[in-house]
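As provided, input-v9.cif (mmCIF, C-alpha atoms and all ligand atoms) reads as follows.
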data_structure
#
loop_
_atom_site.group_PDB
_atom_site.id
_atom_site.type_symbol
_atom_site.label_atom_id
_atom_site.label_comp_id
_atom_site.auth_asym_id
_atom_site.auth_seq_id
_atom_site.Cartn_x
_atom_site.Cartn_y
_atom_site.Cartn_z
ATOM 1 C CA MET A 231 -88.779 49.325 45.646
ATOM 2 C CA ARG A 232 -91.699 50.295 47.854
ATOM 3 C CA LEU A 233 -92.025 53.960 46.790
ATOM 4 C CA LYS A 234 -91.131 53.712 43.120
ATOM 5 C CA ASN A 235 -92.083 56.913 41.212
ATOM 6 C CA LYS A 236 -93.961 58.311 44.217
ATOM 7 C CA THR A 237 -93.412 61.971 45.047
ATOM 8 C CA VAL A 238 -92.643 62.298 48.757
ATOM 9 C CA ILE A 239 -92.528 65.671 50.518
ATOM 10 C CA VAL A 240 -90.468 65.660 53.702
ATOM 11 C CA THR A 241 -90.527 68.758 55.899
ATOM 12 C CA GLY A 242 -87.589 69.126 58.276
ATOM 13 C CA ALA A 243 -85.527 67.188 55.712
ATOM 14 C CA GLY A 244 -82.320 69.041 56.552
ATOM 15 C CA SER A 245 -81.638 67.151 59.766
ATOM 16 C CA GLY A 246 -82.253 64.117 61.935
ATOM 17 C CA LEU A 247 -85.358 62.063 61.249
ATOM 18 C CA GLY A 248 -86.442 64.034 58.171
ATOM 19 C CA LYS A 249 -83.051 63.558 56.545
ATOM 20 C CA ALA A 250 -82.999 59.808 57.306
ATOM 21 C CA THR A 251 -86.547 59.453 55.954
ATOM 22 C CA ALA A 252 -85.663 61.314 52.753
ATOM 23 C CA LEU A 253 -82.627 59.090 52.159
ATOM 24 C CA LEU A 254 -84.545 55.855 52.742
ATOM 25 C CA SER A 255 -87.454 57.037 50.579
ATOM 26 C CA ALA A 256 -85.005 57.755 47.748
ATOM 27 C CA GLU A 257 -83.507 54.260 48.123
ATOM 28 C CA GLU A 258 -87.070 52.963 47.799
ATOM 29 C CA GLY A 259 -87.471 54.746 44.456
ATOM 30 C CA ALA A 260 -89.258 57.970 45.475
ATOM 31 C CA ASN A 261 -88.777 61.447 44.031
ATOM 32 C CA LEU A 262 -88.103 63.773 46.947
ATOM 33 C CA ILE A 263 -89.143 67.287 47.814
ATOM 34 C CA LEU A 264 -86.700 68.222 50.564
ATOM 35 C CA ALA A 265 -88.164 71.096 52.589
ATOM 36 C CA ASP A 266 -86.719 72.938 55.555
ATOM 37 C CA ILE A 267 -86.589 76.429 57.017
ATOM 38 C CA ARG A 268 -82.784 76.098 56.886
ATOM 39 C CA ALA A 269 -82.570 75.648 53.120
ATOM 40 C CA GLU A 270 -78.746 75.476 53.198
ATOM 41 C CA SER A 271 -78.964 72.226 55.208
ATOM 42 C CA LEU A 272 -80.696 70.515 52.287
ATOM 43 C CA GLU A 273 -77.883 70.645 49.723
ATOM 44 C CA SER A 274 -75.862 67.793 51.265
ATOM 45 C CA VAL A 275 -79.031 65.654 51.538
ATOM 46 C CA LYS A 276 -79.782 66.326 47.883
ATOM 47 C CA ALA A 277 -76.209 65.375 46.959
ATOM 48 C CA GLU A 278 -76.447 62.116 48.939
ATOM 49 C CA ILE A 279 -79.675 61.242 47.146
ATOM 50 C CA ALA A 280 -78.115 62.000 43.768
ATOM 51 C CA GLY A 281 -75.265 59.704 44.830
ATOM 52 C CA VAL A 282 -77.632 56.728 45.036
ATOM 53 C CA GLY A 283 -79.227 57.673 41.696
ATOM 54 C CA GLY A 284 -82.301 59.346 43.229
ATOM 55 C CA ARG A 285 -84.090 62.549 42.245
ATOM 56 C CA ALA A 286 -84.601 65.367 44.732
ATOM 57 C CA ALA A 287 -85.513 69.046 44.699
ATOM 58 C CA THR A 288 -84.963 71.416 47.605
ATOM 59 C CA VAL A 289 -87.282 74.134 48.822
ATOM 60 C CA SER A 290 -87.127 76.617 51.646
ATOM 61 C CA VAL A 291 -90.288 76.381 53.730
ATOM 62 C CA ASP A 292 -91.589 77.785 56.981
ATOM 63 C CA VAL A 293 -94.316 75.342 58.011
ATOM 64 C CA CYS A 294 -96.017 78.104 60.023
ATOM 65 C CA ARG A 295 -96.775 80.124 56.860
ATOM 66 C CA SER A 296 -99.456 79.148 54.363
ATOM 67 C CA ASP A 297 -97.888 81.115 51.492
ATOM 68 C CA SER A 298 -94.602 79.300 52.001
ATOM 69 C CA ILE A 299 -96.385 75.922 52.072
ATOM 70 C CA ASP A 300 -98.262 76.771 48.863
ATOM 71 C CA ASP A 301 -94.893 77.470 47.205
ATOM 72 C CA MET A 302 -93.631 74.068 48.409
ATOM 73 C CA LEU A 303 -96.629 72.249 46.917
ATOM 74 C CA GLY A 304 -96.329 74.296 43.713
ATOM 75 C CA LYS A 305 -92.686 73.272 43.351
ATOM 76 C CA ALA A 306 -93.511 69.601 43.949
ATOM 77 C CA VAL A 307 -96.145 69.604 41.211
ATOM 78 C CA ALA A 308 -93.987 71.640 38.809
ATOM 79 C CA ASP A 309 -90.971 69.337 39.274
ATOM 80 C CA PHE A 310 -92.614 65.920 39.546
ATOM 81 C CA GLY A 311 -96.146 66.313 38.152
ATOM 82 C CA GLN A 312 -98.031 65.247 41.266
ATOM 83 C CA VAL A 313 -97.657 64.467 44.978
ATOM 84 C CA ASP A 314 -98.270 61.170 46.775
ATOM 85 C CA CYS A 315 -96.837 61.281 50.297
ATOM 86 C CA LEU A 316 -96.208 63.862 53.021
ATOM 87 C CA VAL A 317 -93.993 63.425 56.074
ATOM 88 C CA ASN A 318 -94.509 66.148 58.689
ATOM 89 C CA CYS A 319 -91.061 66.000 60.251
ATOM 90 C CA ALA A 320 -90.331 69.696 60.880
ATOM 91 C CA GLY A 321 -90.353 70.282 64.608
ATOM 92 C CA VAL A 322 -88.664 71.877 67.578
ATOM 93 C CA PHE A 323 -88.072 71.028 71.222
ATOM 94 C CA SER A 324 -87.143 73.121 74.228
ATOM 95 C CA SER A 325 -86.860 72.357 77.922
ATOM 96 C CA ILE A 326 -88.478 75.094 80.029
ATOM 97 C CA PRO A 327 -89.991 74.822 83.535
ATOM 98 C CA LEU A 328 -93.701 75.572 83.363
ATOM 99 C CA LEU A 329 -93.569 78.651 85.571
ATOM 100 C CA GLU A 330 -90.827 80.162 83.417
ATOM 101 C CA MET A 331 -92.588 79.365 80.151
ATOM 102 C CA ARG A 332 -93.624 82.537 78.342
ATOM 103 C CA GLU A 333 -96.670 82.755 76.171
ATOM 104 C CA GLU A 334 -94.400 83.124 73.136
ATOM 105 C CA ASP A 335 -92.566 79.879 74.055
ATOM 106 C CA PHE A 336 -95.868 78.010 74.076
ATOM 107 C CA ASP A 337 -97.033 79.684 70.857
ATOM 108 C CA ARG A 338 -93.804 78.942 68.990
ATOM 109 C CA MET A 339 -93.933 75.280 69.975
ATOM 110 C CA THR A 340 -97.551 74.777 68.982
ATOM 111 C CA ASP A 341 -97.154 76.909 65.825
ATOM 112 C CA ILE A 342 -94.335 74.755 64.454
ATOM 113 C CA ASN A 343 -95.159 71.288 65.824
ATOM 114 C CA LEU A 344 -98.939 71.350 65.603
ATOM 115 C CA LYS A 345 -100.222 74.159 63.381
ATOM 116 C CA GLY A 346 -97.363 73.583 60.917
ATOM 117 C CA SER A 347 -98.366 69.931 60.495
ATOM 118 C CA PHE A 348 -101.995 70.962 60.087
ATOM 119 C CA LEU A 349 -101.232 73.598 57.423
ATOM 120 C CA CYS A 350 -98.954 71.281 55.420
ATOM 121 C CA SER A 351 -101.500 68.454 55.577
ATOM 122 C CA GLN A 352 -104.367 70.718 54.523
ATOM 123 C CA ALA A 353 -102.463 72.017 51.474
ATOM 124 C CA PHE A 354 -101.308 68.478 50.608
ATOM 125 C CA ILE A 355 -104.851 67.071 50.833
ATOM 126 C CA ARG A 356 -106.173 69.911 48.649
ATOM 127 C CA GLN A 357 -103.620 68.899 46.013
ATOM 128 C CA LEU A 358 -104.546 65.196 46.281
ATOM 129 C CA ILE A 359 -108.188 66.097 45.743
ATOM 130 C CA ALA A 360 -107.289 68.266 42.734
ATOM 131 C CA GLN A 361 -105.344 65.297 41.334
ATOM 132 C CA ASP A 362 -108.213 62.945 42.190
ATOM 133 C CA SER A 363 -105.770 60.547 43.787
ATOM 134 C CA GLY A 364 -105.222 58.909 47.156
ATOM 135 C CA GLY A 365 -102.118 59.490 49.229
ATOM 136 C CA ALA A 366 -100.415 58.987 52.574
ATOM 137 C CA ILE A 367 -99.447 61.306 55.421
ATOM 138 C CA VAL A 368 -97.188 60.473 58.356
ATOM 139 C CA PHE A 369 -97.159 62.735 61.406
ATOM 140 C CA LEU A 370 -94.374 62.792 63.979
ATOM 141 C CA SER A 371 -95.732 62.536 67.495
ATOM 142 C CA SER A 372 -93.455 61.347 70.309
ATOM 143 C CA ILE A 373 -93.581 59.317 73.492
ATOM 144 C CA SER A 374 -94.164 62.818 74.932
ATOM 145 C CA GLY A 375 -97.591 62.577 73.327
ATOM 146 C CA TYR A 376 -98.358 59.551 75.520
ATOM 147 C CA ILE A 377 -96.685 60.271 78.857
ATOM 148 C CA GLY A 378 -95.749 63.491 80.621
ATOM 149 C CA PHE A 379 -92.220 64.879 80.903
ATOM 150 C CA ALA A 380 -91.290 67.687 83.296
ATOM 151 C CA ASN A 381 -90.146 71.005 81.813
ATOM 152 C CA SER A 382 -91.751 70.361 78.465
ATOM 153 C CA ALA A 383 -95.479 70.879 78.894
ATOM 154 C CA HIS A 384 -95.657 72.801 75.605
ATOM 155 C CA TYR A 385 -93.882 69.992 73.703
ATOM 156 C CA CYS A 386 -96.018 67.260 75.330
ATOM 157 C CA ALA A 387 -99.200 69.191 74.504
ATOM 158 C CA SER A 388 -98.172 69.627 70.858
ATOM 159 C CA LYS A 389 -97.290 65.943 70.463
ATOM 160 C CA GLY A 390 -100.481 64.722 72.125
ATOM 161 C CA ALA A 391 -102.554 66.935 69.843
ATOM 162 C CA ILE A 392 -100.792 65.598 66.735
ATOM 163 C CA ARG A 393 -102.211 62.133 67.467
ATOM 164 C CA GLN A 394 -105.749 63.481 67.415
ATOM 165 C CA LEU A 395 -105.120 65.577 64.304
ATOM 166 C CA SER A 396 -103.989 62.457 62.450
ATOM 167 C CA LYS A 397 -107.002 60.433 63.590
ATOM 168 C CA ALA A 398 -109.471 63.141 62.552
ATOM 169 C CA ILE A 399 -107.863 63.347 59.099
ATOM 170 C CA ALA A 400 -107.917 59.541 58.773
ATOM 171 C CA LEU A 401 -111.643 59.548 59.463
ATOM 172 C CA GLU A 402 -112.504 62.492 57.234
ATOM 173 C CA PHE A 403 -110.423 61.430 54.231
ATOM 174 C CA GLY A 404 -110.456 57.618 54.402
ATOM 175 C CA PRO A 405 -113.254 57.552 51.809
ATOM 176 C CA ARG A 406 -110.915 59.449 49.452
ATOM 177 C CA ARG A 407 -108.150 56.829 49.905
ATOM 178 C CA ILE A 408 -106.001 59.241 51.888
ATOM 179 C CA ARG A 409 -104.278 57.458 54.764
ATOM 180 C CA SER A 410 -103.068 59.326 57.851
ATOM 181 C CA ASN A 411 -100.809 57.705 60.437
ATOM 182 C CA VAL A 412 -98.489 58.584 63.302
ATOM 183 C CA VAL A 413 -94.982 57.523 64.219
ATOM 184 C CA ALA A 414 -94.097 58.198 67.841
ATOM 185 C CA PRO A 415 -90.339 57.987 68.418
ATOM 186 C CA GLY A 416 -88.707 57.558 71.791
ATOM 187 C CA THR A 417 -85.287 59.087 72.401
ATOM 188 C CA ILE A 418 -83.365 59.063 69.132
ATOM 189 C CA GLU A 419 -79.811 60.125 68.288
ATOM 190 C CA THR A 420 -80.454 63.340 66.363
ATOM 191 C CA PRO A 421 -79.328 66.955 66.786
ATOM 192 C CA MET A 422 -82.570 67.577 68.735
ATOM 193 C CA ASN A 423 -81.167 65.386 71.514
ATOM 194 C CA GLN A 424 -77.599 66.704 71.490
ATOM 195 C CA TRP A 425 -78.211 68.215 74.942
ATOM 196 C CA ILE A 426 -78.806 64.671 76.275
ATOM 197 C CA ILE A 427 -75.993 63.020 74.302
ATOM 198 C CA ASP A 428 -73.476 65.643 75.492
ATOM 199 C CA ASP A 429 -74.356 65.266 79.196
ATOM 200 C CA PRO A 430 -73.087 61.931 80.635
ATOM 201 C CA ASP A 431 -75.579 61.935 83.537
ATOM 202 C CA ARG A 432 -78.584 62.754 81.366
ATOM 203 C CA TYR A 433 -77.451 60.219 78.773
ATOM 204 C CA ALA A 434 -77.075 57.430 81.384
ATOM 205 C CA GLN A 435 -80.471 58.296 82.855
ATOM 206 C CA SER A 436 -82.063 58.164 79.414
ATOM 207 C CA VAL A 437 -80.480 54.834 78.491
ATOM 208 C CA SER A 438 -81.495 53.288 81.828
ATOM 209 C CA SER A 439 -85.154 54.096 81.069
ATOM 210 C CA ILE A 440 -85.055 52.213 77.745
ATOM 211 C CA PRO A 441 -85.505 48.408 77.934
ATOM 212 C CA LEU A 442 -83.360 47.892 74.812
ATOM 213 C CA GLY A 443 -80.565 49.763 76.611
ATOM 214 C CA ARG A 444 -79.687 52.378 73.999
ATOM 215 C CA LEU A 445 -80.988 55.413 72.162
ATOM 216 C CA GLY A 446 -82.654 54.801 68.806
ATOM 217 C CA LYS A 447 -81.099 55.577 65.435
ATOM 218 C CA ALA A 448 -82.716 57.939 62.929
ATOM 219 C CA SER A 449 -82.744 55.093 60.391
ATOM 220 C CA GLU A 450 -84.957 53.063 62.742
ATOM 221 C CA ILE A 451 -87.597 55.812 62.669
ATOM 222 C CA ALA A 452 -87.232 56.225 58.905
ATOM 223 C CA SER A 453 -88.043 52.505 58.507
ATOM 224 C CA ALA A 454 -91.319 52.944 60.382
ATOM 225 C CA ILE A 455 -92.237 56.068 58.396
ATOM 226 C CA VAL A 456 -91.490 54.474 55.017
ATOM 227 C CA PHE A 457 -93.509 51.402 55.999
ATOM 228 C CA LEU A 458 -96.547 53.616 56.730
ATOM 229 C CA LEU A 459 -96.104 55.555 53.470
ATOM 230 C CA SER A 460 -95.853 52.394 51.395
ATOM 231 C CA GLU A 461 -98.416 49.897 50.117
ATOM 232 C CA ASP A 462 -97.174 47.504 52.821
ATOM 233 C CA ALA A 463 -99.393 49.615 55.098
ATOM 234 C CA SER A 464 -102.314 49.821 52.645
ATOM 235 C CA PHE A 465 -104.869 48.986 55.372
ATOM 236 C CA CYS A 466 -103.322 51.236 58.055
ATOM 237 C CA THR A 467 -104.969 54.567 58.705
ATOM 238 C CA GLY A 468 -105.547 56.374 61.987
ATOM 239 C CA SER A 469 -102.887 54.100 63.436
ATOM 240 C CA GLU A 470 -99.890 54.876 65.607
ATOM 241 C CA LEU A 471 -96.506 53.187 65.650
ATOM 242 C CA VAL A 472 -94.496 53.740 68.839
ATOM 243 C CA VAL A 473 -90.785 53.205 68.102
ATOM 244 C CA ASP A 474 -89.065 53.706 71.437
ATOM 245 C CA GLY A 475 -87.052 50.650 72.440
ATOM 246 C CA GLY A 476 -89.790 49.909 74.958
ATOM 247 C CA GLN A 477 -89.347 53.199 76.851
ATOM 248 C CA ILE A 478 -93.034 53.676 77.677
ATOM 249 C CA THR A 479 -93.954 50.025 78.232
ATOM 250 C CA HIS A 480 -93.488 50.403 81.986
ATOM 251 C CA CYS A 481 -95.385 53.674 82.317
HETATM 252 N N1 LIG A 501 -85.215 62.993 67.976
HETATM 253 C C1 LIG A 501 -86.090 62.455 68.794
HETATM 254 O O1 LIG A 501 -85.724 61.762 69.750
HETATM 255 C C2 LIG A 501 -87.554 62.654 68.569
HETATM 256 C C3 LIG A 501 -88.423 61.970 69.412
HETATM 257 C C4 LIG A 501 -89.783 62.126 69.246
HETATM 258 C C5 LIG A 501 -90.266 62.961 68.251
HETATM 259 N N2 LIG A 501 -89.398 63.631 67.460
HETATM 260 C C6 LIG A 501 -89.972 64.526 66.462
HETATM 261 O O2 LIG A 501 -89.480 64.219 65.174
HETATM 262 C C7 LIG A 501 -89.406 65.416 64.384
HETATM 263 C C8 LIG A 501 -87.985 65.555 63.836
HETATM 264 O O3 LIG A 501 -87.075 65.623 64.928
HETATM 265 P P1 LIG A 501 -85.500 65.551 64.728
HETATM 266 O O4 LIG A 501 -84.954 64.790 65.873
HETATM 267 O O5 LIG A 501 -85.201 65.119 63.355
HETATM 268 O O6 LIG A 501 -85.125 67.093 64.929
HETATM 269 P P2 LIG A 501 -83.969 67.974 64.238
HETATM 270 O O7 LIG A 501 -83.820 69.154 65.108
HETATM 271 O O8 LIG A 501 -82.781 67.139 63.925
HETATM 272 O O9 LIG A 501 -84.648 68.402 62.844
HETATM 273 C C9 LIG A 501 -85.774 69.222 62.797
HETATM 274 C C10 LIG A 501 -85.772 69.983 61.486
HETATM 275 O O10 LIG A 501 -86.954 70.789 61.432
HETATM 276 C C11 LIG A 501 -86.603 72.034 60.833
HETATM 277 N N3 LIG A 501 -87.569 73.082 61.197
HETATM 278 C C12 LIG A 501 -87.720 73.676 62.404
HETATM 279 N N4 LIG A 501 -88.664 74.627 62.339
HETATM 280 C C13 LIG A 501 -89.120 74.637 61.061
HETATM 281 C C14 LIG A 501 -90.105 75.409 60.369
HETATM 282 N N5 LIG A 501 -90.801 76.391 60.987
HETATM 283 N N6 LIG A 501 -90.335 75.149 59.060
HETATM 284 C C15 LIG A 501 -89.607 74.184 58.424
HETATM 285 N N7 LIG A 501 -88.662 73.434 59.023
HETATM 286 C C16 LIG A 501 -88.424 73.658 60.326
HETATM 287 C C17 LIG A 501 -85.208 72.321 61.367
HETATM 288 O O11 LIG A 501 -84.523 73.287 60.591
HETATM 289 C C18 LIG A 501 -84.572 70.939 61.342
HETATM 290 O O12 LIG A 501 -83.886 70.697 60.122
HETATM 291 C C19 LIG A 501 -89.816 66.551 65.316
HETATM 292 O O13 LIG A 501 -91.194 66.818 65.132
HETATM 293 C C20 LIG A 501 -89.601 65.978 66.694
HETATM 294 O O14 LIG A 501 -90.423 66.568 67.656
HETATM 295 C C21 LIG A 501 -88.056 63.503 67.591
#
Encoding of this model in C-alpha cells:
Amino acid sequence: MRLKNKTVIVTGAGSGLGKATALLSAEEGANLILADIRAESLESVKAEIAGVGGRAATVSVDVCRSDSIDDMLGKAVADFGQVDCLVNCAGVFSSIPLLEMREEDFDRMTDINLKGSFLCSQAFIRQLIAQDSGGAIVFLSSISGYIGFANSAHYCASKGAIRQLSKAIALEFGPRRIRSNVVAPGTIETPMNQWIIDDPDRYAQSVSSIPLGRLGKASEIASAIVFLLSEDASFCTGSELVVDGGQITHC
C-alpha cells in the first residue's frame, strides 16, 4: 500500500478525476478528506471508500475562499491528526469565443482553477510547516496548458499558469521536503467533457486527434496522481506528467 496512513486532501472529490483519485488513494491505504463545493456529491464517494474498508471525511469547500479552506484544513487535522498530501482537483471549464468572453468569465476561471489551487496549497504548506513534516502536492494542469485551444483562452491561461505555480513551490519548499508536481491530462471521460461525449462529431474529432484512438479514463489520471503523491516519486519535484494518449506529441 503506497499511501498507508497518509492523510490525503482531494479538492473536487465529488466528481471525475478527484473522485477517481480519492478512491485509488483509499485503496492504497490513505485516509481521505473529500472536499467539494457540491458537498452532497461526496456522500456516495465516502460510501464507496467505506465499502473497501477505507476512512474518509467529507467537507464542503469553496477553493476561492480562504476561510473555507482554513475550515477544510482544520477538519483534516481534527479528524486524522495531520496532513500529508494535497490534490488540487477542483476546477471548471467553459467554451467561450474570446470576443464574447466577459471579464467575469475570465475572473471565475482564474479564481477557481488558479487562485483556488494557490490558496489551498498555501494553507496546506502552512500546516506542513506547523507539523514540521514534508508532504506532496499534485496540481491539475491540462494539455491546454501546453498548446492553445480556440474558445478557451481563459482555461488555457489558467492551466499554463498552474505549471509555473507548481515549479515555484517546488523550488521554494524543496528544502523542507515538500514536493510539488503537475499532472496534465488530455481528454478524459468525465462530466467536464460530457459536451464532447454527447456530440458524435466532436467526439469523433477528439478521438482522431489522439494517437491511442480513445479518450482517457479517470482511473488512468488517478494512477499518475497517486504515483506522484507516493514514495515511488520520492525524487520527483517540479516535474510534469502529461497523460494524454499522445494527443500533443504531434503539436
Ligand atoms: N476531464 C478532463 O479531460 C481534464 C483534462 C485536463 C485537465 N482537467 C482538470 O482536472 C480537474 C478535474 O476535472 P474533472 O474532469 O474531474 O471535472 P469535473 O467537472 O468532473 O469535477 C470538478 C469538480 O470540481 C468541483 N468544483 C468546482 N468549483 C469548485 C470550487 N470553487 N470549490 C470546490 N470545488 C469546486 C465541482 O463541484 C466538481 O465536483 C480540473 O482542474 C480540470 O480542469 C480535466
Which of A:Gly283, A:Gly476, A:Gly404, A:Pro421 sits closest to Val322 in chain A [using all atoms listed in the file]: A:Pro421
Hits of the PyMOL selection byres (((not hetatm)) within 7 of (chain A and resi 501)) in this structure, as a ChimeraX atom specification: /A:241-248,265-268,291-294,319-323,342-343,370-373,414-423
Explicit residue set for the PyMOL selection byres (((chain A and resi 335-338) around 10) and not hetatm), as an NGL selection string: :A and (294 or 322 or 324 or 326 or 328 or 330-334 or 339-345 or 382-385 or 387-388)
Residue contacts of Ser449 in chain A (9 Å, all atoms listed in the file) excluding same-chain residues fewer than 2 positions away, as a PDB file with C-alpha atoms, in the coordinates of the input:
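Saved as selection36.pdb:
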ATOM      1  CA  LEU A 247     -85.358  62.063  61.249  1.00  0.00           C
ATOM      2  CA  ALA A 250     -82.999  59.808  57.306  1.00  0.00           C
ATOM      3  CA  THR A 251     -86.547  59.453  55.954  1.00  0.00           C
ATOM      4  CA  LEU A 254     -84.545  55.855  52.742  1.00  0.00           C
ATOM      5  CA  GLY A 446     -82.654  54.801  68.806  1.00  0.00           C
ATOM      6  CA  LYS A 447     -81.099  55.577  65.435  1.00  0.00           C
ATOM      7  CA  ILE A 451     -87.597  55.812  62.669  1.00  0.00           C
ATOM      8  CA  ALA A 452     -87.232  56.225  58.905  1.00  0.00           C
ATOM      9  CA  SER A 453     -88.043  52.505  58.507  1.00  0.00           C
ATOM     10  CA  ALA A 454     -91.319  52.944  60.382  1.00  0.00           C
TER      11      ALA A 454
END
Between CA of Leu395 in chain A and CA of Trp425 in chain A, distance in Å (one decimal): 29.1 Å
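The space separating CA of Met231 in chain A from CA of Gly259 in chain A comes to 5.7 Å.
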Contacts of Arg407 in chain A at 9 Å (only C-alpha atoms; same-chain gap of 6+ positions) as an MDAnalysis selection string: chainID A and resid 363:366
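Every polymer residue reaching to within 8 Å of (-104.5, 68.7, 59.0), counting all atoms listed in the file, appears in this list: Ser347, Phe348, Leu349, Cys350, Ser351, Gln352, Leu395, Ser396 and Ile399 of chain A.
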Output the selection as a PDB file, in the frame of the given file - C-alpha atoms for each residue.
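Once written, part-v2.pdb looks like this:
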ATOM      1  CA  SER A 347     -98.366  69.931  60.495  1.00  0.00           C
ATOM      2  CA  PHE A 348    -101.995  70.962  60.087  1.00  0.00           C
ATOM      3  CA  LEU A 349    -101.232  73.598  57.423  1.00  0.00           C
ATOM      4  CA  CYS A 350     -98.954  71.281  55.420  1.00  0.00           C
ATOM      5  CA  SER A 351    -101.500  68.454  55.577  1.00  0.00           C
ATOM      6  CA  GLN A 352    -104.367  70.718  54.523  1.00  0.00           C
ATOM      7  CA  LEU A 395    -105.120  65.577  64.304  1.00  0.00           C
ATOM      8  CA  SER A 396    -103.989  62.457  62.450  1.00  0.00           C
ATOM      9  CA  ILE A 399    -107.863  63.347  59.099  1.00  0.00           C
TER      10      ILE A 399
END
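Using only C-alpha atoms, the shortest contact distance between Leu445 in chain A and any of A:Ile408, A:Phe457, A:Asp474, A:Gly346 is found at A:Asp474.
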All residues 12 Å or closer to Met302 in chain A, all atoms listed in the file, same chain fewer than 5 positions away omitted, as a PyMOL selection string: chain A and resi 238-241+262-267+287-293+295-297+307-309+313+316+349-350+353-354+357
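Separating CA of Ala400 in chain A from CA of Ile367 in chain A is a distance of 9.3 Å.
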Using the file's own x, y and z axes, what box holds all listed atoms of range 243-256 of chain A with 8 Å on each side, keeping edges along x, y and z, and what are its centre and edge lengths in Å to one decimal, as AutoDock Vina command-line options?
--center_x -84.5 --center_y 62.4 --center_z 54.8 --size_x 21.8 --size_y 29.2 --size_z 30.2
Among the residues A:Gly468, A:Gly475, A:Pro327, A:Gly304, the one that comes closest to Ala398 in chain A [using all atoms listed in the file]: A:Gly468
Among listed residues A:Ile377, A:Ile392, A:Ala463, A:Ile426, nearest Cys481 in chain A (using only C-alpha atoms): A:Ile377
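When only C-alpha atoms are used to compute distances to Ser274 in chain A, the closest of the residues A:Ile427, A:Cys466, A:Ala286, A:Ala360 turns out to be A:Ala286.
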Answer key for the PyMOL selection byres (((chain A and resi 284) around 8) and not hetatm), residues as a VMD selection string: chain A and resid 256 to 257 259 to 261 279 to 283 285 to 286
Given only C-alpha atoms as the counted atoms, nearest of A:Ile440, A:Ile355, A:Ala277, A:Ala434 to His480 in chain A: A:Ile440
